[in-house]
>>> print(open('structure.pdb').read())   # PDB, C-alpha atoms
ATOM      1  CA  MET A 626     -13.889  49.630  44.121  1.00  0.00           C
ATOM      2  CA  ASN A 627     -10.177  49.490  43.228  1.00  0.00           C
ATOM      3  CA  TRP A 628     -10.196  45.705  43.517  1.00  0.00           C
ATOM      4  CA  TYR A 629     -13.021  45.475  40.985  1.00  0.00           C
ATOM      5  CA  VAL A 630     -11.398  47.864  38.516  1.00  0.00           C
ATOM      6  CA  ASP A 631      -7.995  46.163  38.861  1.00  0.00           C
ATOM      7  CA  VAL A 632      -9.527  42.823  37.866  1.00  0.00           C
ATOM      8  CA  LEU A 633     -11.145  44.458  34.838  1.00  0.00           C
ATOM      9  CA  LYS A 634      -7.788  46.008  33.894  1.00  0.00           C
ATOM     10  CA  LYS A 635      -6.336  42.482  33.881  1.00  0.00           C
ATOM     11  CA  TYR A 636      -9.164  41.462  31.540  1.00  0.00           C
ATOM     12  CA  ALA A 637      -7.622  38.259  30.204  1.00  0.00           C
ATOM     13  CA  VAL A 638      -4.547  37.761  32.403  1.00  0.00           C
ATOM     14  CA  PHE A 639      -4.586  34.100  33.365  1.00  0.00           C
ATOM     15  CA  ASN A 640      -1.064  33.978  34.789  1.00  0.00           C
ATOM     16  CA  GLY A 641       0.106  35.205  38.158  1.00  0.00           C
ATOM     17  CA  ARG A 642      -1.643  35.132  41.497  1.00  0.00           C
ATOM     18  CA  ALA A 643      -4.662  36.852  43.068  1.00  0.00           C
ATOM     19  CA  ARG A 644      -5.171  37.370  46.779  1.00  0.00           C
ATOM     20  CA  ARG A 645      -8.381  36.303  48.496  1.00  0.00           C
ATOM     21  CA  GLN A 646      -9.318  39.932  48.975  1.00  0.00           C
ATOM     22  CA  GLU A 647      -8.974  40.693  45.262  1.00  0.00           C
ATOM     23  CA  TYR A 648     -11.074  37.659  44.319  1.00  0.00           C
ATOM     24  CA  TRP A 649     -13.828  38.120  46.890  1.00  0.00           C
ATOM     25  CA  MET A 650     -14.127  41.896  46.466  1.00  0.00           C
ATOM     26  CA  PHE A 651     -14.522  41.400  42.704  1.00  0.00           C
ATOM     27  CA  THR A 652     -17.111  38.691  43.366  1.00  0.00           C
ATOM     28  CA  LEU A 653     -19.002  40.908  45.826  1.00  0.00           C
ATOM     29  CA  VAL A 654     -19.113  43.975  43.574  1.00  0.00           C
ATOM     30  CA  SER A 655     -19.986  41.857  40.555  1.00  0.00           C
ATOM     31  CA  SER A 656     -22.838  40.189  42.456  1.00  0.00           C
ATOM     32  CA  VAL A 657     -24.236  43.530  43.608  1.00  0.00           C
ATOM     33  CA  ILE A 658     -24.100  44.881  40.051  1.00  0.00           C
ATOM     34  CA  SER A 659     -25.874  41.745  38.786  1.00  0.00           C
ATOM     35  CA  ILE A 660     -28.625  42.127  41.373  1.00  0.00           C
ATOM     36  CA  VAL A 661     -29.117  45.803  40.540  1.00  0.00           C
ATOM     37  CA  LEU A 662     -29.254  45.039  36.817  1.00  0.00           C
ATOM     38  CA  THR A 663     -31.773  42.235  37.408  1.00  0.00           C
ATOM     39  CA  ILE A 664     -33.992  44.615  39.355  1.00  0.00           C
ATOM     40  CA  LEU A 665     -33.578  47.235  36.639  1.00  0.00           C
ATOM     41  CA  ASP A 666     -34.473  44.658  33.975  1.00  0.00           C
ATOM     42  CA  ASN A 667     -37.662  43.796  35.876  1.00  0.00           C
ATOM     43  CA  VAL A 668     -38.617  47.451  36.367  1.00  0.00           C
ATOM     44  CA  LEU A 669     -37.990  48.353  32.732  1.00  0.00           C
ATOM     45  CA  GLY A 670     -39.567  45.139  31.450  1.00  0.00           C
ATOM     46  CA  THR A 671     -36.580  44.325  29.259  1.00  0.00           C
ATOM     47  CA  GLY A 672     -36.495  40.662  30.191  1.00  0.00           C
ATOM     48  CA  SER A 673     -32.934  39.939  31.202  1.00  0.00           C
ATOM     49  CA  VAL A 674     -31.069  41.944  28.569  1.00  0.00           C
ATOM     50  CA  LEU A 675     -28.980  44.138  30.896  1.00  0.00           C
ATOM     51  CA  GLY A 676     -28.107  41.269  33.238  1.00  0.00           C
ATOM     52  CA  THR A 677     -27.109  39.013  30.370  1.00  0.00           C
ATOM     53  CA  LEU A 678     -24.952  41.700  28.760  1.00  0.00           C
ATOM     54  CA  TYR A 679     -23.161  42.258  32.075  1.00  0.00           C
ATOM     55  CA  ILE A 680     -22.558  38.539  32.608  1.00  0.00           C
ATOM     56  CA  VAL A 681     -21.102  38.217  29.113  1.00  0.00           C
ATOM     57  CA  ALA A 682     -18.929  41.302  29.668  1.00  0.00           C
ATOM     58  CA  VAL A 683     -17.375  40.010  32.915  1.00  0.00           C
ATOM     59  CA  LEU A 684     -17.157  36.315  31.987  1.00  0.00           C
ATOM     60  CA  VAL A 685     -13.498  36.414  30.920  1.00  0.00           C
ATOM     61  CA  PRO A 686     -12.329  38.604  33.855  1.00  0.00           C
ATOM     62  CA  SER A 687     -14.213  36.319  36.266  1.00  0.00           C
ATOM     63  CA  LEU A 688     -12.521  33.238  34.872  1.00  0.00           C
ATOM     64  CA  ALA A 689      -9.146  34.992  34.879  1.00  0.00           C
ATOM     65  CA  VAL A 690      -9.362  36.088  38.520  1.00  0.00           C
ATOM     66  CA  THR A 691     -10.546  32.604  39.530  1.00  0.00           C
ATOM     67  CA  VAL A 692      -7.580  31.014  37.762  1.00  0.00           C
ATOM     68  CA  ARG A 693      -5.204  33.499  39.423  1.00  0.00           C
ATOM     69  CA  ARG A 694      -6.838  32.728  42.792  1.00  0.00           C
ATOM     70  CA  LEU A 695      -6.245  29.007  42.230  1.00  0.00           C
ATOM     71  CA  HIS A 696      -2.635  29.789  41.316  1.00  0.00           C
ATOM     72  CA  ASP A 697      -2.306  31.608  44.625  1.00  0.00           C
ATOM     73  CA  THR A 698      -3.221  28.399  46.449  1.00  0.00           C
ATOM     74  CA  ASP A 699      -0.588  26.572  44.339  1.00  0.00           C
ATOM     75  CA  ARG A 700      -3.115  24.805  42.124  1.00  0.00           C
ATOM     76  CA  SER A 701      -3.402  24.652  38.380  1.00  0.00           C
ATOM     77  CA  GLY A 702      -5.928  26.930  36.732  1.00  0.00           C
ATOM     78  CA  TRP A 703      -7.515  23.869  35.194  1.00  0.00           C
ATOM     79  CA  TRP A 704      -9.121  23.204  38.590  1.00  0.00           C
ATOM     80  CA  VAL A 705     -11.699  25.821  37.593  1.00  0.00           C
ATOM     81  CA  LEU A 706     -13.291  23.087  35.466  1.00  0.00           C
ATOM     82  CA  ILE A 707     -14.259  21.156  38.597  1.00  0.00           C
ATOM     83  CA  GLY A 708     -16.996  23.772  38.976  1.00  0.00           C
ATOM     84  CA  LEU A 709     -18.778  22.033  36.103  1.00  0.00           C
ATOM     85  CA  VAL A 710     -19.449  19.021  38.346  1.00  0.00           C
ATOM     86  CA  PRO A 711     -22.888  19.599  39.889  1.00  0.00           C
ATOM     87  CA  LEU A 712     -22.848  20.668  43.549  1.00  0.00           C
ATOM     88  CA  ALA A 713     -19.695  18.812  44.664  1.00  0.00           C
ATOM     89  CA  GLY A 714     -17.534  20.636  42.127  1.00  0.00           C
ATOM     90  CA  LEU A 715     -18.844  24.023  43.216  1.00  0.00           C
ATOM     91  CA  ILE A 716     -18.185  23.160  46.863  1.00  0.00           C
ATOM     92  CA  VAL A 717     -14.608  22.099  46.082  1.00  0.00           C
ATOM     93  CA  LEU A 718     -14.041  25.285  44.070  1.00  0.00           C
ATOM     94  CA  LEU A 719     -15.478  27.368  46.931  1.00  0.00           C
ATOM     95  CA  VAL A 720     -13.109  25.705  49.402  1.00  0.00           C
ATOM     96  CA  PHE A 721     -10.116  26.266  47.099  1.00  0.00           C
ATOM     97  CA  THR A 722     -10.938  29.965  46.700  1.00  0.00           C
ATOM     98  CA  CYS A 723     -11.344  30.367  50.466  1.00  0.00           C
ATOM     99  CA  LEU A 724      -7.965  28.830  51.329  1.00  0.00           C
ATOM    100  CA  ASP A 725      -5.078  31.057  52.355  1.00  0.00           C
ATOM    101  CA  SER A 726      -2.319  31.940  49.930  1.00  0.00           C
ATOM    102  CA  THR A 727       0.809  29.875  49.625  1.00  0.00           C
ATOM    103  CA  PRO A 728       3.223  32.018  51.650  1.00  0.00           C
ATOM    104  CA  ARG A 729       6.230  31.299  49.494  1.00  0.00           C
ATOM    105  CA  HIS A 730       7.117  31.836  45.880  1.00  0.00           C
ATOM    106  CA  ASN A 731       5.417  29.142  43.790  1.00  0.00           C
ATOM    107  CA  ALA A 732       5.370  28.188  40.107  1.00  0.00           C
ATOM    108  CA  HIS A 733       2.953  31.049  39.406  1.00  0.00           C
ATOM    109  CA  GLY A 734       5.004  33.848  40.916  1.00  0.00           C
ATOM    110  CA  PRO A 735       5.803  35.537  44.216  1.00  0.00           C
ATOM    111  CA  SER A 736       3.252  35.826  46.989  1.00  0.00           C
ATOM    112  CA  PRO A 737       0.912  38.788  46.381  1.00  0.00           C
ATOM    113  CA  LYS A 738       0.674  39.381  50.112  1.00  0.00           C
ATOM    114  CA  HIS A 739       3.968  41.243  49.912  1.00  0.00           C
ATOM    115  CA  VAL A 740       2.374  43.794  47.591  1.00  0.00           C
ATOM    116  CA  PRO A 741       0.749  46.712  49.458  1.00  0.00           C
ATOM    117  CA  ALA A 742      -3.053  46.566  49.621  1.00  0.00           C
ATOM    118  CA  TYR A 743      -5.342  49.500  48.915  1.00  0.00           C
TER     119      TYR A 743
END
>>> encode(input="structure.pdb", output="structure tokens")
Amino acid sequence: MNWYVDVLKKYAVFNGRARRQEYWMFTLVSSVISIVLTILDNVLGTGSVLGTLYIVAVLVPSLAVTVRRLHDTDRSGWWVLIGLVPLAGLIVLLVFTCLDSTPRHNAHGPSPKHVPAY
């Protein structure tokens, strides 16, 4: 849960680097919360109010952690826009987020692998 909360603490931090673990743990927890809220919306009959509110609330942190993840692979954060290309763009973005970190210091800062994990 620390990985999720840490991303929320860096609400709009688009500089620096994010490890794969930070990115994917945030994505996992966020997906589980979205699923639970969708089920809750269906049970309560509220349409998709709760799910939509959650998506809006985590939109900026999601973009920020994705940009930091791209920085970790030594790519510009603007690569996040390739996700707008149907199918192929999402596949490319998925591959970029799955790649290992650049082991050395890059233009976006030192390698986060040298920072102790939780």
>>> atom_distance(input="structure.pdb", atom1="CA of Val685 (chain A)", atom2="CA of Val657 (chain A)")
18.1 Å
>>> residues_around(input="structure.pdb", residues="region 703-716 of chain A", least_positions_apart="2", cutoff="8 Å", atoms="all atoms listed in the file", output="number ranges by chain")
A: 688, 691-692, 695, 700-701, 718-720
>>> residues_near_point(input="structure.pdb", point="(-13.3, 45.2, 40.2)", cutoff="8 Å", atoms="only C-alpha atoms", output="list in words")
Met626, Asn627, Trp628, Tyr629, Val630, Asp631, Val632, Leu633, Met650, Phe651, Val654 and Ser655 of chain A
>>> atom_distance(input="structure.pdb", atom1="CA of Lys635 (chain A)", atom2="CA of Thr652 (chain A)")
14.8 Å
>>> atom_distance(input="structure.pdb", atom1="CA of Pro735 (chain A)", atom2="CA of Gly641 (chain A)")
8.3 Å
>>> closest_residue(input="structure.pdb", among="A:Ala682, A:Ser656, A:Asp666, A:Ala643", to="Asp725 (chain A)", atoms="all atoms listed in the file")
A:Ala643
>>> residues_near_point(input="structure.pdb", point="(-8.9, 30.9, 46.4)", cutoff="6 Å", atoms="all atoms listed in the file", output="PyMOL selection string")
chain A and resi 645+694-695+721-724
>>> write_last_selection(input="structure.pdb", atoms="C-alpha atoms", output="short mmCIF file (atom, residue, chain, number, x, y, z; two decimals), in the frame of the given file")
data_model
loop_
_atom_site.label_atom_id
_atom_site.label_comp_id
_atom_site.auth_asym_id
_atom_site.auth_seq_id
_atom_site.Cartn_x
_atom_site.Cartn_y
_atom_site.Cartn_z
CA ARG A 645 -8.38 36.30 48.50
CA ARG A 694 -6.84 32.73 42.79
CA LEU A 695 -6.24 29.01 42.23
CA PHE A 721 -10.12 26.27 47.10
CA THR A 722 -10.94 29.96 46.70
CA CYS A 723 -11.34 30.37 50.47
CA LEU A 724 -7.96 28.83 51.33
#
>>> closest_residue(input="structure.pdb", among="A:His730, A:Ile658, A:Pro737, A:Ile664", to="Tyr679 (chain A)", atoms="all atoms listed in the file")
A:Ile658
>>> closest_residue(input="structure.pdb", among="A:Val668, A:Ser736, A:Ser726, A:Gln646", to="Thr698 (chain A)", atoms="only C-alpha atoms")
A:Ser726
>>> closest_residue(input="structure.pdb", among="A:Trp649, A:Val717, A:Tyr636, A:Thr663", to="Gly676 (chain A)", atoms="all atoms listed in the file")
A:Thr663
>>> axis_aligned_box(input="structure.pdb", around="region 661-664 of chain A", padding_each_side="8 Å", output="JSON")
{"center_x": -31.6, "center_y": 44.0, "center_z": 38.7, "size_x": 20.9, "size_y": 19.6, "size_z": 19.7}
>>> closest_residue(input="structure.pdb", among="A:Ala732, A:Leu665, A:Val674, A:Val638", to="His696 (chain A)", atoms="only C-alpha atoms")
A:Ala732
>>> closest_residue(input="structure.pdb", among="A:Thr677, A:Ser659, A:Asn731, A:Thr671", to="Asp697 (chain A)", atoms="only C-alpha atoms")
A:Asn731
>>> build_atoms(input="structure.pdb", residues="region 633-661 of chain A", atoms="N, CA and C atoms", output="compact mmCIF listing (two decimals), in the frame of the given file")
# COMPACT_ATOMS: atom_id res chain seq x y z
N LEU A 633 -10.73 44.13 36.20
CA LEU A 633 -11.14 44.46 34.84
C LEU A 633 -9.96 44.92 33.99
N LYS A 634 -8.99 45.59 34.63
CA LYS A 634 -7.79 46.01 33.89
C LYS A 634 -6.97 44.80 33.44
N LYS A 635 -7.03 43.73 34.23
CA LYS A 635 -6.34 42.48 33.88
C LYS A 635 -7.32 41.57 33.17
N TYR A 636 -8.03 42.11 32.20
CA TYR A 636 -9.16 41.46 31.54
C TYR A 636 -8.94 39.99 31.24
N ALA A 637 -7.86 39.65 30.60
CA ALA A 637 -7.62 38.26 30.20
C ALA A 637 -6.25 37.77 30.67
N VAL A 638 -5.84 38.19 31.85
CA VAL A 638 -4.55 37.76 32.40
C VAL A 638 -4.80 36.50 33.24
N PHE A 639 -4.37 35.38 32.69
CA PHE A 639 -4.59 34.10 33.36
C PHE A 639 -3.33 33.60 34.09
N ASN A 640 -2.27 34.38 34.07
CA ASN A 640 -1.06 33.98 34.79
C ASN A 640 -0.88 34.89 35.99
N GLY A 641 -0.10 34.44 36.94
CA GLY A 641 0.11 35.20 38.16
C GLY A 641 -0.80 34.71 39.28
N ARG A 642 -0.90 35.52 40.31
CA ARG A 642 -1.64 35.13 41.50
C ARG A 642 -2.59 36.25 41.92
N ALA A 643 -3.69 35.88 42.56
CA ALA A 643 -4.66 36.85 43.07
C ALA A 643 -4.96 36.53 44.52
N ARG A 644 -4.88 37.55 45.36
CA ARG A 644 -5.17 37.37 46.78
C ARG A 644 -6.65 37.08 46.98
N ARG A 645 -6.98 36.55 48.16
CA ARG A 645 -8.38 36.30 48.50
C ARG A 645 -9.18 37.59 48.43
N GLN A 646 -8.59 38.66 48.95
CA GLN A 646 -9.32 39.93 48.98
C GLN A 646 -9.66 40.41 47.56
N GLU A 647 -8.72 40.30 46.65
CA GLU A 647 -8.97 40.69 45.26
C GLU A 647 -10.11 39.87 44.67
N TYR A 648 -10.06 38.56 44.87
CA TYR A 648 -11.07 37.66 44.32
C TYR A 648 -12.46 37.94 44.92
N TRP A 649 -12.53 37.99 46.24
CA TRP A 649 -13.83 38.12 46.89
C TRP A 649 -14.42 39.52 46.75
N MET A 650 -13.59 40.55 46.70
CA MET A 650 -14.13 41.90 46.47
C MET A 650 -14.68 42.01 45.05
N PHE A 651 -13.99 41.42 44.07
CA PHE A 651 -14.52 41.40 42.70
C PHE A 651 -15.84 40.64 42.67
N THR A 652 -15.90 39.50 43.34
CA THR A 652 -17.11 38.69 43.37
C THR A 652 -18.26 39.45 44.03
N LEU A 653 -17.97 40.14 45.12
CA LEU A 653 -19.00 40.91 45.83
C LEU A 653 -19.55 42.04 44.96
N VAL A 654 -18.67 42.85 44.40
CA VAL A 654 -19.11 43.98 43.57
C VAL A 654 -19.85 43.47 42.34
N SER A 655 -19.35 42.41 41.73
CA SER A 655 -19.99 41.86 40.56
C SER A 655 -21.39 41.32 40.89
N SER A 656 -21.53 40.70 42.04
CA SER A 656 -22.84 40.19 42.46
C SER A 656 -23.82 41.32 42.70
N VAL A 657 -23.36 42.37 43.35
CA VAL A 657 -24.24 43.53 43.61
C VAL A 657 -24.68 44.16 42.29
N ILE A 658 -23.75 44.32 41.36
CA ILE A 658 -24.10 44.88 40.05
C ILE A 658 -25.11 43.98 39.34
N SER A 659 -24.93 42.68 39.41
CA SER A 659 -25.87 41.74 38.79
C SER A 659 -27.27 41.86 39.39
N ILE A 660 -27.33 41.99 40.71
CA ILE A 660 -28.62 42.13 41.37
C ILE A 660 -29.31 43.42 40.96
N VAL A 661 -28.55 44.51 40.94
CA VAL A 661 -29.12 45.80 40.54
C VAL A 661 -29.62 45.74 39.10
